[in-house]
Amino acid sequence: MDDRHFSNSDSNSLASFCSCCFRLLIVLSLLCFQSRAETIGSVLFLDSPTHEYLRSSSPDGLVQMDSMSALEVGAAVSVLLGFAPSETLSTSGSTKLNKILIPNPFDRPRHVLMLEIGVAKGAQVIVDSVGASFTRAIKNNVIRGSDNAQIELPGEVVISWLDGTDFDPYADIADKEINDFASWLGGSYVANEEPLTGALTISLPTNLKVHLQMSKKSDKEFITNLISLIHHIRSAIELQQDVSGSASALMTGYFHGIKALQMEYGSTEVAQGGMELFTATISKIFDSLQSRYKGQIVGVILFSQSHSSESNKMLDVVVASPASPRWLEEVTTSLNTTDVEVALVRNTLAWTAGILLLISAFIGVYLLVNMPLTKDTLLDSNVKLD
């Protein structure tokens, strides 16, 4: 009896242990699935140094705020452009936007530079480095799902795409453009006989000297992608000069040059130098945009981390098609034989009645005019003349 009770107790303990292990396995699987479904990126909101559009920006440096979703970042961009956020924005999302944006719907910049930076690793370090170079900046972690979020904008927004399906970073880049870029940043470029194989050297304000060889694929991809970004922004500024000043304008694009350096060099000094060079370039670009738009522009820089060489954008911009005009058209219906006969009878009766009434009116007027005055008339009833 005791041995039987002891063996039953052991079997129950083993069953409980297996059940606990199975539940633990399920929990771990769910956690792993959630970590794959949601990855964390970062976003920097760059405020104007002369016109405050962000509530929490501080001239003392970078301000850390609560985490946001990619959809909430898109809603913030819509509001900065002067439009209502998406209807799918939750109440908590609206609260986050109120913590970031100045609550004045009549004072929006209506100009936004939105860049998405693809990185392979160290997204937080890059965000802190870029944010430290701006006087007014807000940093938020971005939780993105498995699918890309979308920003749906009306058709009247002037959108300048800084990349696209036909984007070729090598199309219009030659040694002259690289030399101009180096001079713009106070550096130098030594060209070789073979095009795009020279050496680029730039001394940055952080006392870091960047050396890049155009003969290396990753170095060339980084520099040409960066120069193309500058050219596209300048072209966008010229394009928007021909548009009415009251129109909202968005410049958006994806930059993958830093990811190319990281995948080639890892966390070495070359990749660090590329990141510092990108920071200096973006700082100068944003300063020129501030001067061009008189402080009425806000920067939104997203950092999406991915180990793949392909671009994995966090936000996609979708332009809503304008409503097509609705015209009133004459509706023609087919009539059968019965309907035609009924219509003919009705028209005949109407015309006959109208003609009879007209003849009766003429006869009545004629009789009244020619009636003798010694007789009673409708106009002078019961009155007789002597």
# chains A, B, ... in the order shown; residues from 1 in each chain; ligands from 1
$ residues_around --residues "region 179-192 of chain A" --least-positions-apart "2" --cutoff "12 Å" --atoms "only C-alpha atoms" --output "PyMOL selection string"
chain A and resi 173-177+194-205+208-215+223-224+226-231+277-285
$ select_by_dssp --residues "region 33-97 of chain A" --states "alpha helix (DSSP H)" --output "PyMOL selection string"
chain A and resi 33-37+70-80+91-97
$ closest_residue --among "A:Asn104, A:Asn140, A:Thr348, A:Ser69" --to "Leu89 (chain A)" --atoms "only C-alpha atoms"
A:Ser69
$ closest_atom_pairs --of "region 258-292 of chain A" --to "region 46-54 of chain A" --cutoff "12 Å" --atoms "only C-alpha atoms" --output "CSV"
residue,atom,partner,partner_atom,distance
A:Ile282,CA,A:Leu46,CA,11.1
A:Ser283,CA,A:Leu46,CA,10.3
A:Phe286,CA,A:Leu46,CA,8.9
A:Asp287,CA,A:Ser48,CA,9.3
A:Ser288,CA,A:Ser48,CA,11.8
A:Leu289,CA,A:Ser48,CA,10.0
A:Gln290,CA,A:Ser48,CA,7.1
A:Ser291,CA,A:Thr50,CA,10.2
$ residues_around --residues "Phe106 (chain A)" --least-positions-apart "5" --cutoff "12 Å" --atoms "only C-alpha atoms" --output "list of chain:residue names"
A:Tyr53, A:Val79, A:Leu80, A:Leu81, A:Gly82, A:Phe83
$ closest_residue --among "A:Ser248, A:Ser267, A:Ser133, A:Asn312" --to "Gln296 (chain A)" --atoms "only C-alpha atoms"
A:Ser248
$ atom_distance --atom1 "CA of Leu97 (chain A)" --atom2 "CA of Ala76 (chain A)"
6.4 Å
$ atom_distance --atom1 "CA of Thr206 (chain A)" --atom2 "CA of Gly273 (chain A)"
10.1 Å
$ residues_around --residues "region 274-276 of chain A" --least-positions-apart "6" --cutoff "8 Å" --atoms "only C-alpha atoms" --output "PDB file with C-alpha atoms, in the first residue's frame"
ATOM      1  CA  ILE A 126      24.180  57.204 -33.523  1.00  0.00           C
ATOM      2  CA  SER A 129      25.684  61.579 -31.584  1.00  0.00           C
ATOM      3  CA  LEU A 204      35.562  67.272 -38.477  1.00  0.00           C
ATOM      4  CA  VAL A 210      37.919  60.893 -41.816  1.00  0.00           C
ATOM      5  CA  PHE A 222      28.477  56.052 -48.543  1.00  0.00           C
ATOM      6  CA  ILE A 258      25.965  54.310 -42.719  1.00  0.00           C
ATOM      7  CA  LEU A 261      30.035  51.192 -43.775  1.00  0.00           C
TER       8      LEU A 261
END
$ residues_around --residues "region 109-120 of chain A" --least-positions-apart "3" --cutoff "8 Å" --atoms "only C-alpha atoms" --output "PyMOL selection string"
chain A and resi 53+77+80-82+123+247-259+262-263+296-308+311-314
$ atom_distance --atom1 "CA of Ala132 (chain A)" --atom2 "CA of Ile159 (chain A)"
28.3 Å
$ closest_residue --among "A:Ile233, A:Ile100, A:Leu367, A:Val142" --to "Asp163 (chain A)" --atoms "only C-alpha atoms"
A:Ile233
$ closest_residue --among "A:Asn225, A:Ser360, A:Ser78, A:Asn207" --to "Leu101 (chain A)" --atoms "only C-alpha atoms"
A:Ser78
